[in-house]
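So the structure is just underneath, and the comments pick up after that.
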Amino acid sequence: PFAYEMLDAVVMGRFPWHRGAPSSKDVAAAERALLSVGLGPSFHRRTLPSLSSGERMKVMVARALASESACLLFDEPTANLDIGAAFRLMALFKAEAARGRTVIVALHDLPLACRAADHAVCLTAGRLAALGQPAQVFSAAVLNQIFAVKAAPVRTPGGEASLLFDS
């Protein structure tokens, strides 16, 4: 039922900036956003139902990026993405934050969150359980208390933080 072409779906993120037909600036912003998530011009005329779930997720992220809002809020944006695409998306969010945008991401993938976050919040049962630097929030003690699992913070060969779990 939502058989819009990918480019048109992303241009919808520009709605706050135009009334009526999208301008060339709106289309250019949408095209830039699609490129930033790895969906080049060959994808732009494909309809949303023809896309994989990971490609649809990238379209939704591109739509948010095209809005050029000062603050972006994403809920599980790496769902249905392979690990390489998830890493690239988190790197894109870090780059957007470095350009001055506020980027808030809700993730259940704690190793990815640990690797990517500048600041972290952990909720349990709808309540704040931990807040601070990732090393504090994703500590073995905090994760054991919240999730009843053994967690060990580790550093990857490249120096990034990650987590190992044991039940």
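Following the order of the structure tokens, first chain is A, next is B, and so on, with residues numbered from 1 inside each chain and ligands from 1 in the order they appear.
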
(request) Fewer than 4 positions away in the same chain doesn't count, so skip those; otherwise give me all residues within 12 Å of Gln145 in chain A, counting only C-alpha atoms, as a VMD selection string. (result) chain A and resid 122 to 124 129 to 130 137 to 141 149 to 151

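Close contacts of Trp17 in chain A, defined as residues with an atom at most 9 Å away when counting only C-alpha atoms, with chain neighbours fewer than 4 positions off set aside, comprise Gly13, Pro22, Asp26 and Ser67 of chain A.
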
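Here the strand (DSSP E) residues in range 116-165 of chain A, by DSSP on the backbone, are Ala120, Val121, Cys122, Leu123, Thr124, Arg127, Leu128, Ala129, Ala130, Leu131, Gly132, Lys150, Ala151, Ala152, Pro153, Val154, Arg155, Ala161, Ser162, Leu163, Leu164 and Phe165 of chain A.
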
Near Ala91 in chain A, within 12 Å and counting only C-alpha atoms, which residues show up once chain neighbours fewer than 3 positions away are dropped, as an MDAnalysis selection string?
chainID A and resid 36:37 78 84:88 94:98 103 112:113 115:118

Checklist entry - What lies within 10 Å of Pro49 in chain A using only C-alpha atoms, ignoring chain neighbours under 6 positions off, as a PyMOL selection string? => result chain A and resi 1-6+56

Pairwise distance, CA of Asn144 in chain A with CA of Ala79 in chain A, equals 24.5 Å

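For the set A:Pro77, A:Gly40, A:Gly132, A:Gly126, the residue with the smallest atom-to-atom gap to Val105 in chain A is A:Pro77, counting only C-alpha atoms.
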
Could you pull out the alpha helix (DSSP H) residues of range 66-164 of chain A from DSSP and send them as a VMD selection string? chain A and resid 66 83 to 98 110 to 116 134 to 137 140 to 147

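Take the candidates A:Asp109, A:Leu92, A:Val10, A:Ala125 and check each one against Met60 in chain A using only C-alpha atoms; the shortest distance goes to A:Val10.
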
Residues within 8 Å of Ala70 in chain A, only C-alpha atoms, excluding chain neighbours under 6 positions, as a VMD selection string
chain A and resid 100 to 102

Contact residues around Ala66 in chain A with only C-alpha atoms at 10 Å, ignoring same-chain residues under 6 positions, as a count of residues only: 16

In terms of only C-alpha atoms, the residue from A:Cys114, A:Phe74, A:Leu89, A:Ala106 at minimal distance from Leu143 in chain A is A:Cys114

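Counting only C-alpha atoms and comparing A:Ala9, A:Ser162, A:Pro134, A:Val154, the residue that lies closest to Ala64 in chain A is A:Ala9.
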
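Minimum atom-to-atom distance to Arg46 in chain A, evaluated using only C-alpha atoms, belongs to A:Asp8 out of A:Asp8, A:Asp166, A:Asp75, A:Glu68.
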
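The two atoms in question, CA of Gly38 in chain A and CA of Arg63 in chain A, are spaced 13.2 Å apart.
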